[in-house]
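One structure is given here, and the rest of the page talks about it.
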Number of protein chains: 2
Amino acid sequence: MSGASREQRSEAEAAIMRATYRALCEHGYAELTMRAIASEYGKTTAAIHYHYETKDDLLVALLEYLLDRFVERVHGVETTAPAARLDALLDTLLVEVASERELAVALLELRAVAPYDEGVRDQLVRNDEYLRYLLRTVVVDGVERGVFDEGVDPESAAETLMTLVDGARTRFVLHDDPAVLHRAREAADRYVADALDA
Amino acid sequence: MSGASREQRSEAEAAIMRATYRALCEHGYAELTMRAIASEYGKTTAAIHYHYETKDDLLVALLEYLLDRFVERVHGVETTAPAARLDALLDTLLVEVASERELAVALLELRAVAPYDEGVRDQLVRNDEYLRYLLRTVVVDGVERGVFDEGVDPESAAETLMTLVDGARTRFVLHDDPAVLHRAREAADRYVADALDA
């Protein structure tokens, strides 16, 4: 990579990530090829291999890219009030997915591949840990400010919410019905009211 | 199939289901072949094709078989008390999976294939509908007997519990840790205590 500046590299890599994202949504994981990604990128497969050696490297980088994109959306939320921040996190995790069905399908495929692919699995675990960390932090903040009950275990609350999120996304793929996500969002609200609210 | 009696057919089909189950657990969906199933069955692939034309037919039949097996386990529960029956259902859905990791992996692969395979998807939807029906029936019974709160919506309660179940199974595959299932079982208990109990 000695021929390109760091800035050129990161611009190219961002463009490759967007191309990989589009190709993955269009073809699904099973049919995803370097050719399809190169076609979305508008360059040769060699131009991609310059940055990412294998399809696996690309997928791991894509999972990081999707996490970054998620974190950016969440940081766009202006409020610091714990209940409102938790609401916004759950909206981003559960409701915004409704308009990204192809992504939900592709992410479920990556989850199914994870037991056979260490790179994908490790990155999926990192993404999951980061999402739970975001949820936990909001819950801890809410407990400290007296918005959430002092008996709440933030770790366990974050895991329960992520279990609802993962279940709803899995069910959304099966039933192909955004109402599944909206009802899970309501279930998450009821959980917050019953188990967290002070 | 005119050469075999109904009884011979159903015995052969049960043996093929057990062979398909073992082959699926051993190889995973992506590597599952008719050869591997025939090898578990101890006969030729032609002997399987006599009963099931395609791998897809086999997988759909296997999903029915797994549902039947589940229903048999659940019917083994002696009590008719709604709370105890709900406990037993949740144990079967969440805890017993812990010792069947390969099956959990294979079922997640089938879920990921569902958007591309109508036969598998339709059977997965039927299985999901039946599991929700079992949960709903217990909740309806509990509301009628005054064990659960009269304001409970059984349909919505059944869906929330299935969302926790699907989320926990998906997370079990990713984290390869039975503790994920046990913690989800506790979360389901808390949901029953907070949202259902009268």
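Identifiers for the structure tokens are assigned positionally: chains receive A, B, ... in sequence, residues are indexed from 1 per chain, and ligands are indexed from 1 in the order shown.
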Please report, as a tab-separated table, each residue of stretch 33-149 of chain A lying at most 9 Å from stretch 107-130 of chain B, together with the nearest pair of atoms and the separation in Å rounded to one decimal; use only C-alpha atoms, and order rows by chain and ascending residue number.
```
residue	atom	partner	partner_atom	distance
A:Val105	CA	B:Ala112	CA	7.0
A:Ala106	CA	B:Ala112	CA	8.2
A:Leu107	CA	B:Ala112	CA	8.9
A:Leu108	CA	B:Ala112	CA	5.7
A:Glu109	CA	B:Ala112	CA	5.0
A:Leu110	CA	B:Ala112	CA	8.6
A:Arg111	CA	B:Leu108	CA	8.0
A:Ala112	CA	B:Glu109	CA	5.0
A:Val113	CA	B:Glu109	CA	7.6
```
### Task
Using backbone DSSP assignments, extract all alpha helix (DSSP H) residues from chain B; output them as a PyMOL selection string.
chain B and resi 6-27+34-41+45-49+55-75+82-90+101-113+118-144+154-175+179-191
### Query
How far is it from atom CA of B:Ala179 to atom CA of B:Thr92, in Å with one decimal?
15.3 Å
#### Entry: Among listed residues A:Ala198, A:Glu186, A:Glu100, A:Thr160, nearest chain B (using only C-alpha atoms)
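Nearest to chain B: A:Thr160.
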Can you tell me, as a tab-separated table (two decimals) with all heavy atoms, in the first residue's frame, what residues are no more than 9 Å from A:Asp166 when counting only C-alpha atoms, ignoring any on the same chain fewer than 6 positions away?
```
chain	number	residue	atom	x	y	z
B	163	THR	N	-40.03	-13.86	20.88
B	163	THR	CA	-38.95	-12.94	20.50
B	163	THR	C	-37.75	-13.16	21.42
B	163	THR	O	-36.60	-13.20	20.95
B	163	THR	CB	-39.44	-11.48	20.56
B	163	THR	OG1	-40.61	-11.35	19.74
B	163	THR	CG2	-38.37	-10.51	20.05
B	164	LEU	N	-38.00	-13.35	22.71
B	164	LEU	CA	-36.91	-13.67	23.64
B	164	LEU	C	-36.27	-15.02	23.28
B	164	LEU	O	-35.05	-15.17	23.29
B	164	LEU	CB	-37.42	-13.72	25.08
B	164	LEU	CG	-37.64	-12.37	25.79
B	164	LEU	CD1	-38.32	-12.58	27.13
B	164	LEU	CD2	-36.32	-11.61	25.98
B	166	ASP	N	-36.23	-16.60	20.28
B	166	ASP	CA	-35.46	-16.51	19.04
B	166	ASP	C	-34.18	-15.70	19.25
B	166	ASP	O	-33.13	-16.04	18.69
B	166	ASP	CB	-36.32	-15.86	17.94
B	166	ASP	CG	-37.37	-16.82	17.40
B	166	ASP	OD1	-37.14	-18.05	17.47
B	166	ASP	OD2	-38.40	-16.36	16.87
B	167	GLY	N	-34.28	-14.64	20.03
B	167	GLY	CA	-33.08	-13.83	20.31
B	167	GLY	C	-32.05	-14.65	21.07
B	167	GLY	O	-30.86	-14.63	20.73
B	168	ALA	N	-32.49	-15.39	22.07
B	168	ALA	CA	-31.56	-16.17	22.89
B	168	ALA	C	-30.89	-17.27	22.06
B	168	ALA	O	-29.69	-17.51	22.18
B	168	ALA	CB	-32.30	-16.77	24.08
B	170	THR	N	-30.40	-17.25	18.79
B	170	THR	CA	-29.47	-16.59	17.87
B	170	THR	C	-28.19	-16.19	18.60
B	170	THR	O	-27.08	-16.38	18.10
B	170	THR	CB	-30.15	-15.33	17.28
B	170	THR	OG1	-31.39	-15.71	16.68
B	170	THR	CG2	-29.28	-14.67	16.22
B	171	ARG	N	-28.35	-15.68	19.82
B	171	ARG	CA	-27.18	-15.26	20.59
B	171	ARG	C	-26.37	-16.46	21.09
B	171	ARG	O	-25.15	-16.38	21.21
B	171	ARG	CB	-27.62	-14.38	21.77
B	171	ARG	CG	-28.29	-13.08	21.33
B	171	ARG	CD	-28.75	-12.23	22.49
B	171	ARG	NE	-27.64	-11.81	23.32
B	171	ARG	CZ	-26.78	-10.86	23.00
B	171	ARG	NH1	-26.94	-10.19	21.87
B	171	ARG	NH2	-25.78	-10.57	23.79
```
### Selected residue, from B:Leu134, B:Ala23, B:Leu86, B:Met34, that lies nearest to B:Tyr191 when counting only C-alpha atoms
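Under the stated criterion, the closest residue is B:Leu86.
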Excluding A:Ser156 and residues on its chain fewer than 2 positions from it, collect all residues at most 12 Å away from it, counting only C-alpha atoms, and give them as an mmCIF file with N, CA, C and O atoms, in the first residue's frame.
```cif
data_model
loop_
_atom_site.group_PDB
_atom_site.id
_atom_site.type_symbol
_atom_site.label_atom_id
_atom_site.label_comp_id
_atom_site.auth_asym_id
_atom_site.auth_seq_id
_atom_site.Cartn_x
_atom_site.Cartn_y
_atom_site.Cartn_z
ATOM 1 N N ARG A 132 -24.118 -3.634 23.538
ATOM 2 C CA ARG A 132 -24.494 -3.844 24.943
ATOM 3 C C ARG A 132 -23.853 -2.792 25.847
ATOM 4 O O ARG A 132 -24.459 -2.336 26.808
ATOM 5 N N TYR A 133 -22.613 -2.397 25.490
ATOM 6 C CA TYR A 133 -21.936 -1.347 26.251
ATOM 7 C C TYR A 133 -22.719 -0.033 26.173
ATOM 8 O O TYR A 133 -22.934 0.656 27.177
ATOM 9 N N LEU A 135 -25.959 0.341 25.611
ATOM 10 C CA LEU A 135 -27.195 0.188 26.389
ATOM 11 C C LEU A 135 -26.900 0.254 27.894
ATOM 12 O O LEU A 135 -27.587 0.934 28.654
ATOM 13 N N ARG A 136 -25.844 -0.457 28.306
ATOM 14 C CA ARG A 136 -25.495 -0.528 29.722
ATOM 15 C C ARG A 136 -25.170 0.866 30.273
ATOM 16 O O ARG A 136 -25.592 1.233 31.368
ATOM 17 N N VAL A 139 -28.188 2.827 30.948
ATOM 18 C CA VAL A 139 -28.893 2.316 32.126
ATOM 19 C C VAL A 139 -28.165 2.748 33.404
ATOM 20 O O VAL A 139 -28.794 3.221 34.366
ATOM 21 N N VAL A 140 -26.823 2.611 33.401
ATOM 22 C CA VAL A 140 -26.031 3.051 34.562
ATOM 23 C C VAL A 140 -26.305 4.525 34.853
ATOM 24 O O VAL A 140 -26.571 4.924 36.004
ATOM 25 N N GLY A 151 -32.217 -0.904 42.082
ATOM 26 C CA GLY A 151 -31.994 -2.348 42.121
ATOM 27 C C GLY A 151 -31.698 -2.958 40.755
ATOM 28 O O GLY A 151 -31.409 -4.151 40.648
ATOM 29 N N VAL A 152 -31.743 -2.137 39.698
ATOM 30 C CA VAL A 152 -31.539 -2.652 38.338
ATOM 31 C C VAL A 152 -30.084 -3.084 38.133
ATOM 32 O O VAL A 152 -29.164 -2.363 38.543
ATOM 33 N N ASP A 153 -29.891 -4.255 37.505
ATOM 34 C CA ASP A 153 -28.552 -4.681 37.096
ATOM 35 C C ASP A 153 -28.360 -4.262 35.631
ATOM 36 O O ASP A 153 -28.954 -4.859 34.729
ATOM 37 N N PRO A 154 -27.536 -3.225 35.390
ATOM 38 C CA PRO A 154 -27.416 -2.672 34.029
ATOM 39 C C PRO A 154 -26.949 -3.711 33.001
ATOM 40 O O PRO A 154 -27.420 -3.719 31.858
ATOM 41 N N ALA A 158 -29.155 -4.672 29.766
ATOM 42 C CA ALA A 158 -28.624 -4.498 28.408
ATOM 43 C C ALA A 158 -28.743 -5.809 27.631
ATOM 44 O O ALA A 158 -29.114 -5.817 26.449
ATOM 45 N N GLU A 159 -28.460 -6.933 28.296
ATOM 46 C CA GLU A 159 -28.531 -8.219 27.601
ATOM 47 C C GLU A 159 -29.982 -8.575 27.246
ATOM 48 O O GLU A 159 -30.251 -9.083 26.151
ATOM 49 N N THR A 160 -30.914 -8.321 28.166
ATOM 50 C CA THR A 160 -32.319 -8.604 27.863
ATOM 51 C C THR A 160 -32.777 -7.779 26.658
ATOM 52 O O THR A 160 -33.443 -8.300 25.753
ATOM 53 N N LEU A 161 -32.405 -6.507 26.637
ATOM 54 C CA LEU A 161 -32.808 -5.660 25.506
ATOM 55 C C LEU A 161 -32.179 -6.152 24.205
ATOM 56 O O LEU A 161 -32.844 -6.212 23.167
ATOM 57 N N MET A 162 -30.903 -6.554 24.244
ATOM 58 C CA MET A 162 -30.260 -7.071 23.019
ATOM 59 C C MET A 162 -30.895 -8.400 22.591
ATOM 60 O O MET A 162 -30.940 -8.717 21.406
ATOM 61 N N THR A 163 -31.378 -9.191 23.553
ATOM 62 C CA THR A 163 -32.042 -10.451 23.210
ATOM 63 C C THR A 163 -33.351 -10.150 22.469
ATOM 64 O O THR A 163 -33.669 -10.799 21.462
ATOM 65 N N ALA A 195 -39.388 -3.010 34.378
ATOM 66 C CA ALA A 195 -38.183 -3.514 35.051
ATOM 67 C C ALA A 195 -37.160 -2.421 35.346
ATOM 68 O O ALA A 195 -36.306 -2.601 36.210
ATOM 69 N N LEU A 196 -37.211 -1.294 34.621
ATOM 70 C CA LEU A 196 -36.174 -0.269 34.828
ATOM 71 C C LEU A 196 -36.688 0.973 35.535
ATOM 72 O O LEU A 196 -36.048 1.461 36.465
ATOM 73 N N VAL B 180 -25.982 -17.875 28.035
ATOM 74 C CA VAL B 180 -26.863 -16.973 27.289
ATOM 75 C C VAL B 180 -28.314 -17.455 27.387
ATOM 76 O O VAL B 180 -29.234 -16.650 27.590
ATOM 77 N N HIS B 182 -29.572 -19.557 29.701
ATOM 78 C CA HIS B 182 -30.045 -19.530 31.086
ATOM 79 C C HIS B 182 -30.423 -18.120 31.511
ATOM 80 O O HIS B 182 -31.421 -17.919 32.205
ATOM 81 N N ARG B 183 -29.656 -17.133 31.071
ATOM 82 C CA ARG B 183 -30.012 -15.743 31.424
ATOM 83 C C ARG B 183 -31.293 -15.322 30.711
ATOM 84 O O ARG B 183 -32.119 -14.591 31.262
ATOM 85 N N ALA B 184 -31.488 -15.787 29.467
ATOM 86 C CA ALA B 184 -32.740 -15.470 28.758
ATOM 87 C C ALA B 184 -33.932 -16.145 29.443
ATOM 88 O O ALA B 184 -35.031 -15.588 29.502
ATOM 89 N N GLU B 186 -34.165 -16.605 32.633
ATOM 90 C CA GLU B 186 -34.460 -15.719 33.773
ATOM 91 C C GLU B 186 -35.210 -14.472 33.309
ATOM 92 O O GLU B 186 -36.144 -14.015 33.979
ATOM 93 N N ALA B 187 -34.809 -13.921 32.161
ATOM 94 C CA ALA B 187 -35.498 -12.729 31.635
ATOM 95 C C ALA B 187 -36.953 -13.068 31.316
ATOM 96 O O ALA B 187 -37.857 -12.262 31.558
ATOM 97 N N ARG B 190 -38.844 -13.129 34.540
ATOM 98 C CA ARG B 190 -39.147 -11.774 35.021
ATOM 99 C C ARG B 190 -40.296 -11.176 34.222
ATOM 100 O O ARG B 190 -41.161 -10.484 34.763
#
```
### Summary
Correct to one decimal, the distance atom CA of B:Leu24-atom CA of B:Asp57 is 14.0 Å
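Nearest residue to A:Asp177 among A:Thr79, A:Gln8, A:Ser39, A:Ser99 is A:Ser99, counting only C-alpha atoms.
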### Query
Near A:Ala12, counting only C-alpha atoms, which residues have an atom at most 12 Å away, once you skip same-chain residues fewer than 5 positions from it, shown as number ranges by chain?
A: 1, 4-7, 17-19, 41-43, 47-52
### Separation of atom CA of B:Arg145 from atom CA of B:Arg69, in Å and rounded to one decimal
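Computed distance, atom CA of B:Arg145 to atom CA of B:Arg69, equals 28.8 Å.
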